[in-house]
Every structure is written in C-alpha cells, then in structure tokens.
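Q: Contents of final-v2.txt (compact mmCIF, N, CA and C atoms) are given next:
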```txt
# COMPACT_ATOMS: atom_id res chain seq x y z
N MET X 1 90.95 120.48 60.43
CA MET X 1 90.21 121.70 60.74
C MET X 1 91.14 122.90 60.54
N ALA X 2 90.71 123.85 59.78
CA ALA X 2 91.50 125.04 59.52
C ALA X 2 91.52 125.93 60.75
N ALA X 3 92.66 126.53 60.99
CA ALA X 3 92.78 127.44 62.14
C ALA X 3 91.93 128.68 61.89
N ILE X 4 91.21 129.08 62.90
CA ILE X 4 90.36 130.26 62.82
C ILE X 4 91.06 131.38 63.57
N GLU X 5 91.04 132.56 63.03
CA GLU X 5 91.66 133.69 63.69
C GLU X 5 91.01 133.94 65.04
N LYS X 6 91.82 134.35 66.03
CA LYS X 6 91.32 134.59 67.38
C LYS X 6 90.18 135.61 67.38
N ASP X 7 90.26 136.61 66.51
CA ASP X 7 89.23 137.65 66.47
C ASP X 7 87.85 137.11 66.09
N GLU X 8 87.78 135.93 65.47
CA GLU X 8 86.51 135.35 65.05
C GLU X 8 85.77 134.67 66.20
N TYR X 9 86.39 134.53 67.36
CA TYR X 9 85.77 133.90 68.52
C TYR X 9 85.25 134.96 69.48
N THR X 10 84.17 134.64 70.16
CA THR X 10 83.82 135.45 71.33
C THR X 10 84.73 134.97 72.44
N GLU X 11 84.83 135.70 73.53
CA GLU X 11 85.74 135.32 74.60
C GLU X 11 85.43 133.91 75.12
N GLN X 12 84.15 133.55 75.27
CA GLN X 12 83.78 132.23 75.78
C GLN X 12 84.11 131.13 74.78
N GLU X 13 84.02 131.44 73.49
CA GLU X 13 84.24 130.42 72.47
C GLU X 13 85.72 130.13 72.24
N TYR X 14 86.56 131.04 72.63
CA TYR X 14 87.99 130.85 72.41
C TYR X 14 88.49 129.84 73.43
N SER X 15 88.57 128.62 73.01
CA SER X 15 88.87 127.51 73.92
C SER X 15 90.36 127.38 74.21
N LEU X 16 90.65 126.63 75.24
CA LEU X 16 92.02 126.32 75.58
C LEU X 16 92.69 125.56 74.44
N GLU X 17 91.94 124.67 73.80
CA GLU X 17 92.51 123.90 72.68
C GLU X 17 92.92 124.83 71.54
N GLN X 18 92.08 125.80 71.21
CA GLN X 18 92.42 126.74 70.14
C GLN X 18 93.60 127.61 70.56
N HIS X 19 93.64 127.98 71.84
CA HIS X 19 94.76 128.78 72.34
C HIS X 19 96.07 127.99 72.18
N LYS X 20 96.04 126.68 72.45
CA LYS X 20 97.24 125.85 72.30
C LYS X 20 97.71 125.83 70.84
N ILE X 21 96.75 125.86 69.90
CA ILE X 21 97.11 125.87 68.48
C ILE X 21 97.70 127.22 68.10
N ASP X 22 97.07 128.31 68.57
CA ASP X 22 97.53 129.65 68.23
C ASP X 22 98.86 130.01 68.90
N PHE X 23 99.03 129.54 70.13
CA PHE X 23 100.22 129.87 70.93
C PHE X 23 100.79 128.60 71.55
N PRO X 24 101.46 127.77 70.76
CA PRO X 24 101.97 126.50 71.30
C PRO X 24 103.00 126.74 72.40
N LEU X 25 102.96 125.87 73.41
CA LEU X 25 103.89 125.95 74.53
C LEU X 25 105.11 125.09 74.25
N SER X 26 106.25 125.54 74.75
CA SER X 26 107.43 124.67 74.70
C SER X 26 107.19 123.53 75.69
N ASN X 27 107.98 122.49 75.60
CA ASN X 27 107.82 121.36 76.52
C ASN X 27 107.96 121.84 77.97
N GLU X 28 108.94 122.70 78.23
CA GLU X 28 109.16 123.22 79.59
C GLU X 28 107.93 123.99 80.07
N GLU X 29 107.37 124.84 79.20
CA GLU X 29 106.16 125.59 79.57
C GLU X 29 104.98 124.66 79.81
N GLN X 30 104.87 123.61 78.99
CA GLN X 30 103.78 122.65 79.15
C GLN X 30 103.90 121.92 80.49
N GLN X 31 105.12 121.57 80.87
CA GLN X 31 105.34 120.89 82.14
C GLN X 31 104.95 121.79 83.31
N LEU X 32 105.30 123.08 83.23
CA LEU X 32 104.90 124.02 84.28
C LEU X 32 103.39 124.19 84.31
N PHE X 33 102.77 124.27 83.14
CA PHE X 33 101.31 124.37 83.05
C PHE X 33 100.68 123.16 83.74
N ASN X 34 101.19 121.96 83.42
CA ASN X 34 100.67 120.73 84.03
C ASN X 34 100.84 120.77 85.54
N PHE X 35 101.99 121.24 86.01
CA PHE X 35 102.23 121.33 87.45
C PHE X 35 101.18 122.21 88.12
N HIS X 36 100.93 123.39 87.55
CA HIS X 36 99.97 124.32 88.15
C HIS X 36 98.53 123.82 88.06
N LYS X 37 98.27 122.91 87.14
CA LYS X 37 96.93 122.31 87.02
C LYS X 37 96.80 121.03 87.85
N GLY X 38 97.89 120.64 88.52
CA GLY X 38 97.86 119.42 89.32
C GLY X 38 97.97 118.16 88.49
N LEU X 39 98.51 118.28 87.29
CA LEU X 39 98.68 117.13 86.40
C LEU X 39 100.10 116.60 86.49
N PRO X 40 100.33 115.36 86.10
CA PRO X 40 101.70 114.83 86.10
C PRO X 40 102.62 115.71 85.26
N CYS X 41 103.85 115.86 85.73
CA CYS X 41 104.81 116.68 85.00
C CYS X 41 106.22 116.27 85.37
N ARG X 42 107.17 116.69 84.55
CA ARG X 42 108.59 116.47 84.82
C ARG X 42 109.30 117.81 84.60
N LEU X 43 109.91 118.32 85.67
CA LEU X 43 110.58 119.61 85.61
C LEU X 43 112.09 119.40 85.58
N THR X 44 112.73 119.93 84.54
CA THR X 44 114.17 119.76 84.39
C THR X 44 114.94 121.04 84.70
N ASN X 45 114.26 122.16 84.80
CA ASN X 45 114.90 123.42 85.14
C ASN X 45 115.01 123.50 86.66
N PRO X 46 116.22 123.68 87.20
CA PRO X 46 116.39 123.71 88.66
C PRO X 46 115.50 124.74 89.36
N LYS X 47 115.33 125.91 88.77
CA LYS X 47 114.50 126.95 89.40
C LYS X 47 113.04 126.50 89.49
N ASP X 48 112.54 125.82 88.45
CA ASP X 48 111.17 125.31 88.48
C ASP X 48 111.05 124.16 89.47
N ALA X 49 112.05 123.30 89.49
CA ALA X 49 112.02 122.13 90.39
C ALA X 49 111.97 122.55 91.84
N VAL X 50 112.67 123.63 92.18
CA VAL X 50 112.66 124.11 93.56
C VAL X 50 111.27 124.60 93.96
N SER X 51 110.47 125.05 93.01
CA SER X 51 109.10 125.47 93.34
C SER X 51 108.23 124.27 93.72
N VAL X 52 108.61 123.08 93.28
CA VAL X 52 107.87 121.86 93.60
C VAL X 52 108.43 121.21 94.85
N LEU X 53 109.72 121.19 94.97
CA LEU X 53 110.40 120.51 96.07
C LEU X 53 111.45 121.47 96.64
N PRO X 54 111.01 122.37 97.51
CA PRO X 54 111.89 123.45 97.97
C PRO X 54 112.85 123.04 99.09
N VAL X 55 113.76 122.17 98.77
CA VAL X 55 114.78 121.79 99.74
C VAL X 55 116.14 122.13 99.15
N TRP X 56 117.12 122.35 100.00
CA TRP X 56 118.42 122.84 99.54
C TRP X 56 119.04 121.95 98.48
N PHE X 57 118.88 120.65 98.60
CA PHE X 57 119.64 119.76 97.75
C PHE X 57 119.15 119.70 96.31
N VAL X 58 117.92 120.07 96.03
CA VAL X 58 117.41 119.95 94.67
C VAL X 58 118.19 120.84 93.70
N GLU X 59 118.25 122.14 93.98
CA GLU X 59 118.96 123.03 93.06
C GLU X 59 120.45 122.68 93.01
N ARG X 60 121.04 122.42 94.15
CA ARG X 60 122.47 122.09 94.18
C ARG X 60 122.75 120.82 93.39
N MET X 61 121.94 119.79 93.60
CA MET X 61 122.19 118.51 92.94
C MET X 61 121.75 118.49 91.48
N MET X 62 121.00 119.50 91.06
CA MET X 62 120.64 119.59 89.65
C MET X 62 121.67 120.39 88.86
N THR X 63 122.47 121.19 89.54
CA THR X 63 123.42 122.04 88.82
C THR X 63 124.87 121.58 88.99
N ASP X 64 125.16 120.75 90.00
CA ASP X 64 126.52 120.23 90.20
C ASP X 64 126.61 118.77 89.80
N ASP X 65 127.77 118.37 89.37
CA ASP X 65 128.11 116.97 89.13
C ASP X 65 129.10 116.61 90.23
N TRP X 66 128.68 115.82 91.22
CA TRP X 66 129.49 115.63 92.40
C TRP X 66 129.20 114.28 93.02
N ASN X 67 129.82 113.99 94.15
CA ASN X 67 129.56 112.76 94.89
C ASN X 67 128.49 113.03 95.94
N PHE X 68 127.25 112.73 95.60
CA PHE X 68 126.13 112.93 96.51
C PHE X 68 125.60 111.58 96.98
N ALA X 69 124.96 111.59 98.11
CA ALA X 69 124.35 110.37 98.64
C ALA X 69 122.95 110.68 99.12
N LEU X 70 122.05 109.73 98.91
CA LEU X 70 120.68 109.80 99.42
C LEU X 70 120.52 108.64 100.40
N LEU X 71 120.19 108.95 101.64
CA LEU X 71 119.90 107.92 102.61
C LEU X 71 118.42 107.57 102.46
N LEU X 72 118.12 106.31 102.22
CA LEU X 72 116.75 105.87 101.95
C LEU X 72 116.09 105.31 103.20
N THR X 73 114.79 105.24 103.19
CA THR X 73 114.04 104.70 104.34
C THR X 73 114.39 103.24 104.60
N THR X 74 114.94 102.54 103.62
CA THR X 74 115.36 101.14 103.77
C THR X 74 116.69 101.03 104.50
N GLY X 75 117.37 102.17 104.74
CA GLY X 75 118.69 102.16 105.35
C GLY X 75 119.80 102.11 104.32
N GLN X 76 119.45 101.94 103.05
CA GLN X 76 120.45 101.91 101.98
C GLN X 76 120.94 103.32 101.69
N LEU X 77 122.15 103.40 101.21
CA LEU X 77 122.73 104.67 100.79
C LEU X 77 122.83 104.63 99.27
N MET X 78 122.15 105.54 98.57
CA MET X 78 122.19 105.60 97.12
C MET X 78 123.18 106.68 96.71
N LEU X 79 124.17 106.30 95.93
CA LEU X 79 125.20 107.23 95.47
C LEU X 79 124.82 107.77 94.10
N ILE X 80 124.78 109.09 93.98
CA ILE X 80 124.39 109.73 92.73
C ILE X 80 125.37 110.84 92.37
N THR X 81 125.37 111.19 91.08
CA THR X 81 126.20 112.32 90.65
C THR X 81 125.36 113.59 90.51
N HIS X 82 124.09 113.44 90.12
CA HIS X 82 123.19 114.59 90.13
C HIS X 82 121.75 114.19 89.85
N ILE X 83 120.87 115.15 90.10
CA ILE X 83 119.43 115.00 89.83
C ILE X 83 119.16 115.58 88.45
N THR X 84 118.43 114.85 87.61
CA THR X 84 118.12 115.36 86.27
C THR X 84 116.75 116.03 86.20
N SER X 85 115.80 115.58 87.05
CA SER X 85 114.47 116.20 87.03
C SER X 85 113.70 115.85 88.29
N VAL X 86 112.67 116.65 88.55
CA VAL X 86 111.70 116.38 89.61
C VAL X 86 110.37 116.16 88.91
N SER X 87 109.66 115.11 89.30
CA SER X 87 108.40 114.76 88.65
C SER X 87 107.28 114.61 89.66
N ILE X 88 106.07 114.79 89.15
CA ILE X 88 104.87 114.52 89.94
C ILE X 88 104.06 113.52 89.14
N ASP X 89 103.65 112.42 89.79
CA ASP X 89 102.89 111.40 89.07
C ASP X 89 101.38 111.62 89.24
N TRP X 90 100.57 110.73 88.68
CA TRP X 90 99.11 110.87 88.73
C TRP X 90 98.57 110.83 90.15
N ASN X 91 99.30 110.21 91.07
CA ASN X 91 98.87 110.15 92.48
C ASN X 91 99.38 111.34 93.28
N LYS X 92 99.95 112.32 92.58
CA LYS X 92 100.50 113.53 93.18
C LYS X 92 101.70 113.23 94.08
N GLU X 93 102.42 112.16 93.78
CA GLU X 93 103.62 111.80 94.52
C GLU X 93 104.83 112.38 93.80
N LEU X 94 105.77 112.88 94.59
CA LEU X 94 106.99 113.46 94.02
C LEU X 94 108.05 112.39 93.79
N TRP X 95 108.73 112.51 92.66
CA TRP X 95 109.82 111.62 92.28
C TRP X 95 111.00 112.48 91.84
N ILE X 96 112.21 111.96 92.00
CA ILE X 96 113.36 112.59 91.38
C ILE X 96 114.03 111.57 90.46
N ASP X 97 114.48 112.05 89.32
CA ASP X 97 115.26 111.23 88.40
C ASP X 97 116.71 111.60 88.66
N VAL X 98 117.55 110.58 88.78
CA VAL X 98 118.95 110.80 89.14
C VAL X 98 119.88 110.04 88.21
N ILE X 99 121.14 110.42 88.25
CA ILE X 99 122.20 109.67 87.60
C ILE X 99 123.00 109.02 88.73
N LEU X 100 123.00 107.70 88.73
CA LEU X 100 123.74 106.95 89.75
C LEU X 100 125.24 107.04 89.49
N GLU X 101 126.01 107.01 90.56
CA GLU X 101 127.45 106.88 90.39
C GLU X 101 127.72 105.50 89.82
N THR X 102 128.78 105.40 89.05
CA THR X 102 129.16 104.09 88.51
C THR X 102 130.00 103.35 89.55
N GLU X 103 130.17 102.09 89.31
CA GLU X 103 130.98 101.28 90.21
C GLU X 103 132.39 101.86 90.32
N LYS X 104 132.92 102.33 89.19
CA LYS X 104 134.26 102.92 89.18
C LYS X 104 134.30 104.17 90.08
N ASP X 105 133.27 105.03 89.98
CA ASP X 105 133.21 106.24 90.81
C ASP X 105 133.10 105.89 92.29
N ALA X 106 132.32 104.88 92.59
CA ALA X 106 132.03 104.52 93.98
C ALA X 106 133.15 103.71 94.63
N ARG X 107 133.92 102.98 93.84
CA ARG X 107 134.93 102.07 94.39
C ARG X 107 135.89 102.74 95.37
N GLY X 108 136.33 103.94 95.08
CA GLY X 108 137.28 104.60 95.96
C GLY X 108 136.75 104.82 97.37
N ASN X 109 135.44 104.92 97.50
CA ASN X 109 134.83 105.20 98.80
C ASN X 109 133.93 104.07 99.28
N TYR X 110 133.77 103.06 98.47
CA TYR X 110 132.77 102.03 98.75
C TYR X 110 132.98 101.32 100.09
N ASP X 111 134.20 100.86 100.36
CA ASP X 111 134.45 100.10 101.59
C ASP X 111 134.11 100.93 102.83
N GLU X 112 134.56 102.17 102.84
CA GLU X 112 134.29 103.04 103.99
C GLU X 112 132.79 103.32 104.12
N LEU X 113 132.15 103.60 103.00
CA LEU X 113 130.70 103.87 103.04
C LEU X 113 129.93 102.64 103.49
N GLN X 114 130.35 101.47 103.03
CA GLN X 114 129.66 100.24 103.41
C GLN X 114 129.80 99.98 104.91
N LYS X 115 130.98 100.25 105.47
CA LYS X 115 131.18 100.10 106.92
C LYS X 115 130.26 101.03 107.69
N LEU X 116 130.14 102.27 107.22
CA LEU X 116 129.33 103.26 107.93
C LEU X 116 127.83 103.06 107.75
N TRP X 117 127.39 102.68 106.54
CA TRP X 117 125.97 102.69 106.21
C TRP X 117 125.37 101.33 105.90
N GLY X 118 126.18 100.32 105.68
CA GLY X 118 125.63 99.02 105.29
C GLY X 118 125.54 98.94 103.78
N GLN X 119 124.35 98.69 103.27
CA GLN X 119 124.19 98.50 101.83
C GLN X 119 124.29 99.82 101.07
N VAL X 120 125.12 99.82 100.02
CA VAL X 120 125.34 101.00 99.19
C VAL X 120 124.86 100.69 97.78
N VAL X 121 124.04 101.58 97.21
CA VAL X 121 123.47 101.39 95.87
C VAL X 121 124.18 102.31 94.88
N PHE X 122 124.65 101.72 93.78
CA PHE X 122 125.26 102.47 92.69
C PHE X 122 125.07 101.66 91.42
N SER X 123 125.47 102.21 90.29
CA SER X 123 125.32 101.51 89.02
C SER X 123 126.55 100.65 88.74
N ILE X 124 126.31 99.41 88.32
CA ILE X 124 127.44 98.54 87.97
C ILE X 124 127.74 98.58 86.47
N ASN X 125 126.95 99.34 85.73
CA ASN X 125 127.13 99.44 84.28
C ASN X 125 127.13 100.91 83.90
N THR X 126 128.16 101.37 83.23
CA THR X 126 128.28 102.79 82.88
C THR X 126 127.22 103.25 81.88
N GLU X 127 126.55 102.31 81.22
CA GLU X 127 125.51 102.67 80.26
C GLU X 127 124.11 102.64 80.87
N ARG X 128 124.01 102.26 82.13
CA ARG X 128 122.70 102.16 82.79
C ARG X 128 122.75 102.87 84.14
N THR X 129 122.85 104.19 84.07
CA THR X 129 123.02 104.96 85.30
C THR X 129 121.77 105.73 85.72
N LYS X 130 120.74 105.71 84.90
CA LYS X 130 119.52 106.47 85.24
C LYS X 130 118.67 105.70 86.24
N ALA X 131 118.09 106.46 87.18
CA ALA X 131 117.20 105.85 88.16
C ALA X 131 116.16 106.89 88.59
N SER X 132 115.03 106.41 89.09
CA SER X 132 113.99 107.28 89.65
C SER X 132 113.72 106.81 91.07
N ILE X 133 113.50 107.77 91.95
CA ILE X 133 113.21 107.42 93.34
C ILE X 133 112.11 108.31 93.88
N LYS X 134 111.17 107.70 94.59
CA LYS X 134 110.08 108.45 95.19
C LYS X 134 110.65 109.27 96.35
N VAL X 135 110.36 110.55 96.37
CA VAL X 135 110.92 111.46 97.36
C VAL X 135 110.58 111.03 98.79
N SER X 136 109.41 110.45 98.98
CA SER X 136 109.03 110.02 100.33
C SER X 136 109.92 108.90 100.86
N ASN X 137 110.75 108.30 100.01
CA ASN X 137 111.68 107.26 100.43
C ASN X 137 113.06 107.81 100.78
N ILE X 138 113.23 109.13 100.72
CA ILE X 138 114.52 109.75 101.04
C ILE X 138 114.47 110.33 102.45
N VAL X 139 115.41 109.91 103.27
CA VAL X 139 115.50 110.39 104.65
C VAL X 139 116.46 111.58 104.73
N ALA X 140 117.58 111.49 103.99
CA ALA X 140 118.59 112.55 104.03
C ALA X 140 119.33 112.60 102.70
N ALA X 141 119.89 113.77 102.40
CA ALA X 141 120.68 113.97 101.19
C ALA X 141 121.92 114.77 101.59
N PHE X 142 123.08 114.33 101.10
CA PHE X 142 124.31 115.02 101.50
C PHE X 142 125.44 114.75 100.52
N ASP X 143 126.50 115.61 100.60
CA ASP X 143 127.75 115.39 99.88
C ASP X 143 128.49 114.36 100.72
N TYR X 144 129.02 113.32 100.11
CA TYR X 144 129.75 112.37 100.92
C TYR X 144 131.26 112.46 100.74
N GLN X 145 131.70 113.34 99.87
CA GLN X 145 133.14 113.49 99.68
C GLN X 145 133.47 114.97 99.70
N SER X 146 134.48 115.34 100.44
CA SER X 146 134.87 116.74 100.47
C SER X 146 135.83 117.03 99.32
N SER X 147 135.88 118.27 98.93
CA SER X 147 136.78 118.64 97.84
C SER X 147 138.15 118.79 98.41
```
Please express the file's structure as structure tokens.
A:
Amino acid sequence: MAAIEKDEYTEQEYSLEQHKIDFPLSNEEQQLFNFHKGLPCRLTNPKDAVSVLPVWFVERMMTDDWNFALLLTTGQLMLITHITSVSIDWNKELWIDVILETEKDARGNYDELQKLWGQVVFSINTERTKASIKVSNIVAAFDYQSS
C-alpha cells in the first residue's frame, strides 16, 4: 500500500497505523507508548524506569555498576551488579532484568553473606549473568559492600 500524504485524510480517517508509518517511533518511544497504553513494555532508560517503579534503588542500580543485593521473599539474597531494565508483562506485573554477580565477584563476600542471610544467589558462569525477577518477590534492596 502506497503511503498517502497526511493532508489527504480527514482528521477521523488519519489512523494510528498511518501515523506510525508517517512518524515512526524509536524503540524507546514505542516502549513508553506501550507503558502509557497499559501494554507490556521494557524500559531501559533510568528516568523512564523510575516513572514505572519509583523507588530509590531503580535509578541508582541502573546507572551504577556495584555490589548490590536483593533480599527475596524466599529469604534468599540475590547478588547483582546492576539493573538493565524494568518491564511490565501482560498481567501488569512489574519485573526487573538484572546482571548477576559472578562467582568470582561474590567469593570475597560469600562466606560472610551466607552466614548472615543463608542462601545466596549469584551466577556461576561469567557468560550467563542475565536474570529477571518479579518485583513483588523483592523485600529489600541494598548495597552490601562499602567503598
């Protein structure tokens, strides 16, 4: 179908689909559009993510690479280096995508953390560090190592 100039439409006929063809959105803009329409989305910009999940740790953990920990409802402590995105699924549930600390990163603190918290979750393979976690399963988020 050939693109028709916007001027050839009446206001009612100028559909959202034609608008998308005339003015394509970047992926980031499309994700924000989906968010505002209540559709599934993944936000990678920290400022946008804070609009979805306005807690202190989202922006900090999306912009810093550090030793962070998420205390889960299971009592496990998940060690991460940062959050890569905040997502909303079809059920309107919030998720965060994270980069897990590797075994090497965690080893220096692992014994102490295990004594304090019990089971500690981290990546045992440096090539498989990505993880997603439902926000409702997070009880607390904190820096576990001081500078």
Q: Write out as a VMD selection string the residues lying within 6 Å of segment 101-108 of chain X, counting all atoms listed in the file and excluding same-chain residues fewer than 5 positions away.
A: chain X and resid 79 to 81 122 to 126
Q: Please, which residues of chain X, numbered as in this document, come out strand (DSSP E) from DSSP, as a PyMOL selection string?
A: chain X and resi 41-43+68-72+77-88+94-100+120-121+130-134+138-143
Q: Hey, what does DSSP flag as helix (DSSP H, G or I) within chain X? Can you give it to me as a tab-separated table (two decimals) with N, CA and C atoms, keeping the file's coordinate frame?
A:
```tsv
chain	number	residue	atom	x	y	z
X	6	LYS	N	91.82	134.35	66.03
X	6	LYS	CA	91.32	134.59	67.38
X	6	LYS	C	90.18	135.61	67.38
X	7	ASP	N	90.26	136.61	66.51
X	7	ASP	CA	89.23	137.65	66.47
X	7	ASP	C	87.85	137.11	66.09
X	8	GLU	N	87.78	135.93	65.47
X	8	GLU	CA	86.51	135.35	65.05
X	8	GLU	C	85.77	134.67	66.20
X	16	LEU	N	90.65	126.63	75.24
X	16	LEU	CA	92.02	126.32	75.58
X	16	LEU	C	92.69	125.56	74.44
X	17	GLU	N	91.94	124.67	73.80
X	17	GLU	CA	92.51	123.90	72.68
X	17	GLU	C	92.92	124.83	71.54
X	18	GLN	N	92.08	125.80	71.21
X	18	GLN	CA	92.42	126.74	70.14
X	18	GLN	C	93.60	127.61	70.56
X	19	HIS	N	93.64	127.98	71.84
X	19	HIS	CA	94.76	128.78	72.34
X	19	HIS	C	96.07	127.99	72.18
X	20	LYS	N	96.04	126.68	72.45
X	20	LYS	CA	97.24	125.85	72.30
X	20	LYS	C	97.71	125.83	70.84
X	21	ILE	N	96.75	125.86	69.90
X	21	ILE	CA	97.11	125.87	68.48
X	21	ILE	C	97.70	127.22	68.10
X	22	ASP	N	97.07	128.31	68.57
X	22	ASP	CA	97.53	129.65	68.23
X	22	ASP	C	98.86	130.01	68.90
X	27	ASN	N	107.98	122.49	75.60
X	27	ASN	CA	107.82	121.36	76.52
X	27	ASN	C	107.96	121.84	77.97
X	28	GLU	N	108.94	122.70	78.23
X	28	GLU	CA	109.16	123.22	79.59
X	28	GLU	C	107.93	123.99	80.07
X	29	GLU	N	107.37	124.84	79.20
X	29	GLU	CA	106.16	125.59	79.57
X	29	GLU	C	104.98	124.66	79.81
X	30	GLN	N	104.87	123.61	78.99
X	30	GLN	CA	103.78	122.65	79.15
X	30	GLN	C	103.90	121.92	80.49
X	31	GLN	N	105.12	121.57	80.87
X	31	GLN	CA	105.34	120.89	82.14
X	31	GLN	C	104.95	121.79	83.31
X	32	LEU	N	105.30	123.08	83.23
X	32	LEU	CA	104.90	124.02	84.28
X	32	LEU	C	103.39	124.19	84.31
X	33	PHE	N	102.77	124.27	83.14
X	33	PHE	CA	101.31	124.37	83.05
X	33	PHE	C	100.68	123.16	83.74
X	34	ASN	N	101.19	121.96	83.42
X	34	ASN	CA	100.67	120.73	84.03
X	34	ASN	C	100.84	120.77	85.54
X	35	PHE	N	101.99	121.24	86.01
X	35	PHE	CA	102.23	121.33	87.45
X	35	PHE	C	101.18	122.21	88.12
X	36	HIS	N	100.93	123.39	87.55
X	36	HIS	CA	99.97	124.32	88.15
X	36	HIS	C	98.53	123.82	88.06
X	46	PRO	N	116.22	123.68	87.20
X	46	PRO	CA	116.39	123.71	88.66
X	46	PRO	C	115.50	124.74	89.36
X	47	LYS	N	115.33	125.91	88.77
X	47	LYS	CA	114.50	126.95	89.40
X	47	LYS	C	113.04	126.50	89.49
X	48	ASP	N	112.54	125.82	88.45
X	48	ASP	CA	111.17	125.31	88.48
X	48	ASP	C	111.05	124.16	89.47
X	49	ALA	N	112.05	123.30	89.49
X	49	ALA	CA	112.02	122.13	90.39
X	49	ALA	C	111.97	122.55	91.84
X	50	VAL	N	112.67	123.63	92.18
X	50	VAL	CA	112.66	124.11	93.56
X	50	VAL	C	111.27	124.60	93.96
X	51	SER	N	110.47	125.05	93.01
X	51	SER	CA	109.10	125.47	93.34
X	51	SER	C	108.23	124.27	93.72
X	52	VAL	N	108.61	123.08	93.28
X	52	VAL	CA	107.87	121.86	93.60
X	52	VAL	C	108.43	121.21	94.85
X	56	TRP	N	117.12	122.35	100.00
X	56	TRP	CA	118.42	122.84	99.54
X	56	TRP	C	119.04	121.95	98.48
X	57	PHE	N	118.88	120.65	98.60
X	57	PHE	CA	119.64	119.76	97.75
X	57	PHE	C	119.15	119.70	96.31
X	58	VAL	N	117.92	120.07	96.03
X	58	VAL	CA	117.41	119.95	94.67
X	58	VAL	C	118.19	120.84	93.70
X	59	GLU	N	118.25	122.14	93.98
X	59	GLU	CA	118.96	123.03	93.06
X	59	GLU	C	120.45	122.68	93.01
X	60	ARG	N	121.04	122.42	94.15
X	60	ARG	CA	122.47	122.09	94.18
X	60	ARG	C	122.75	120.82	93.39
X	61	MET	N	121.94	119.79	93.60
X	61	MET	CA	122.19	118.51	92.94
X	61	MET	C	121.75	118.49	91.48
X	62	MET	N	121.00	119.50	91.06
X	62	MET	CA	120.64	119.59	89.65
X	62	MET	C	121.67	120.39	88.86
X	63	THR	N	122.47	121.19	89.54
X	63	THR	CA	123.42	122.04	88.82
X	63	THR	C	124.87	121.58	88.99
X	103	GLU	N	130.17	102.09	89.31
X	103	GLU	CA	130.98	101.28	90.21
X	103	GLU	C	132.39	101.86	90.32
X	104	LYS	N	132.92	102.33	89.19
X	104	LYS	CA	134.26	102.92	89.18
X	104	LYS	C	134.30	104.17	90.08
X	105	ASP	N	133.27	105.03	89.98
X	105	ASP	CA	133.21	106.24	90.81
X	105	ASP	C	133.10	105.89	92.29
X	106	ALA	N	132.32	104.88	92.59
X	106	ALA	CA	132.03	104.52	93.98
X	106	ALA	C	133.15	103.71	94.63
X	107	ARG	N	133.92	102.98	93.84
X	107	ARG	CA	134.93	102.07	94.39
X	107	ARG	C	135.89	102.74	95.37
X	108	GLY	N	136.33	103.94	95.08
X	108	GLY	CA	137.28	104.60	95.96
X	108	GLY	C	136.75	104.82	97.37
X	109	ASN	N	135.44	104.92	97.50
X	109	ASN	CA	134.83	105.20	98.80
X	109	ASN	C	133.93	104.07	99.28
X	110	TYR	N	133.77	103.06	98.47
X	110	TYR	CA	132.77	102.03	98.75
X	110	TYR	C	132.98	101.32	100.09
X	111	ASP	N	134.20	100.86	100.36
X	111	ASP	CA	134.45	100.10	101.59
X	111	ASP	C	134.11	100.93	102.83
X	112	GLU	N	134.56	102.17	102.84
X	112	GLU	CA	134.29	103.04	103.99
X	112	GLU	C	132.79	103.32	104.12
X	113	LEU	N	132.15	103.60	103.00
X	113	LEU	CA	130.70	103.87	103.04
X	113	LEU	C	129.93	102.64	103.49
X	114	GLN	N	130.35	101.47	103.03
X	114	GLN	CA	129.66	100.24	103.41
X	114	GLN	C	129.80	99.98	104.91
X	115	LYS	N	130.98	100.25	105.47
X	115	LYS	CA	131.18	100.10	106.92
X	115	LYS	C	130.26	101.03	107.69
X	116	LEU	N	130.14	102.27	107.22
X	116	LEU	CA	129.33	103.26	107.93
X	116	LEU	C	127.83	103.06	107.75
X	117	TRP	N	127.39	102.68	106.54
X	117	TRP	CA	125.97	102.69	106.21
X	117	TRP	C	125.37	101.33	105.90
X	135	VAL	N	110.36	110.55	96.37
X	135	VAL	CA	110.92	111.46	97.36
X	135	VAL	C	110.58	111.03	98.79
X	136	SER	N	109.41	110.45	98.98
X	136	SER	CA	109.03	110.02	100.33
X	136	SER	C	109.92	108.90	100.86
X	137	ASN	N	110.75	108.30	100.01
X	137	ASN	CA	111.68	107.26	100.43
X	137	ASN	C	113.06	107.81	100.78
```
Q: Where's the centre, and what are the edge lengths in Å to one decimal, of a box along x, y and z enclosing all listed atoms of segment 100-109 of chain X padded 8 Å per side, as AutoDock Vina command-line options?
A:
```
--center_x 130.1 --center_y 104.5 --center_z 93.9 --size_x 30.3 --size_y 22.4 --size_z 26.8
```
Q: Can you work out the spacing between atom CA of Leu71 of chain X and atom CA of Ala141 of chain X in Å, to one decimal?
A: 6.3 Å
Q: Extract, using only N, CA and C atoms, all DNA, RNA and protein residues at most 5 Å from segment 35-43 of chain X, discarding same-chain residues fewer than 6 positions from it, and format them as a list in words.
A: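 Residues near the query, excluding close chain neighbours: Ser85, Val86, Ser87, Ile88, Asp89 and Trp90 of chain X.
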Q: Hey, what's within 8 Å of segment 60-63 of chain X if we count only C-alpha atoms and toss same-chain stuff fewer than 2 positions away? As a list of chain:residue names, please?
A: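 Using only C-alpha atoms, the neighbours found are X:Pro46, X:Trp56, X:Phe57, X:Val58, X:Asp65, X:Trp66, X:Phe68, X:Thr81, X:His82, X:Ile83, X:Thr84, X:Ser85.
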Q: Could you check how far atom N of Val139 of chain X sits from atom N of Leu116 of chain X, in Å to one decimal?
A: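 Distance between the two atoms: 17.1 Å.
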Q: X:Asp48, X:Ala131, X:Leu77, X:Asp143: which is nearest Leu113 of chain X, counting all atoms listed in the file?
A: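 Closest to Leu113 of chain X of all the choices is X:Leu77.
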Q: Which of these residues is nearest to Ser132 of chain X, using all atoms listed in the file: X:Glu59, X:Asp97, X:Asp111, X:Glu28?
A: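 Going through X:Glu59, X:Asp97, X:Asp111, X:Glu28 one by one, the smallest distance to Ser132 of chain X is for X:Asp97.
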Q: Return the single residue from X:Gln114, X:Asn91, X:Thr74, X:Gln119 that is closest to Ile138 of chain X, with distances computed using all atoms listed in the file.
A: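 So, comparing all the options, the nearest one is X:Thr74.
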Q: Please measure the separation of atom CA of Ile133 of chain X and atom CA of Asn67 of chain X, giving the value in Å to one decimal.
A: 17.3 Å
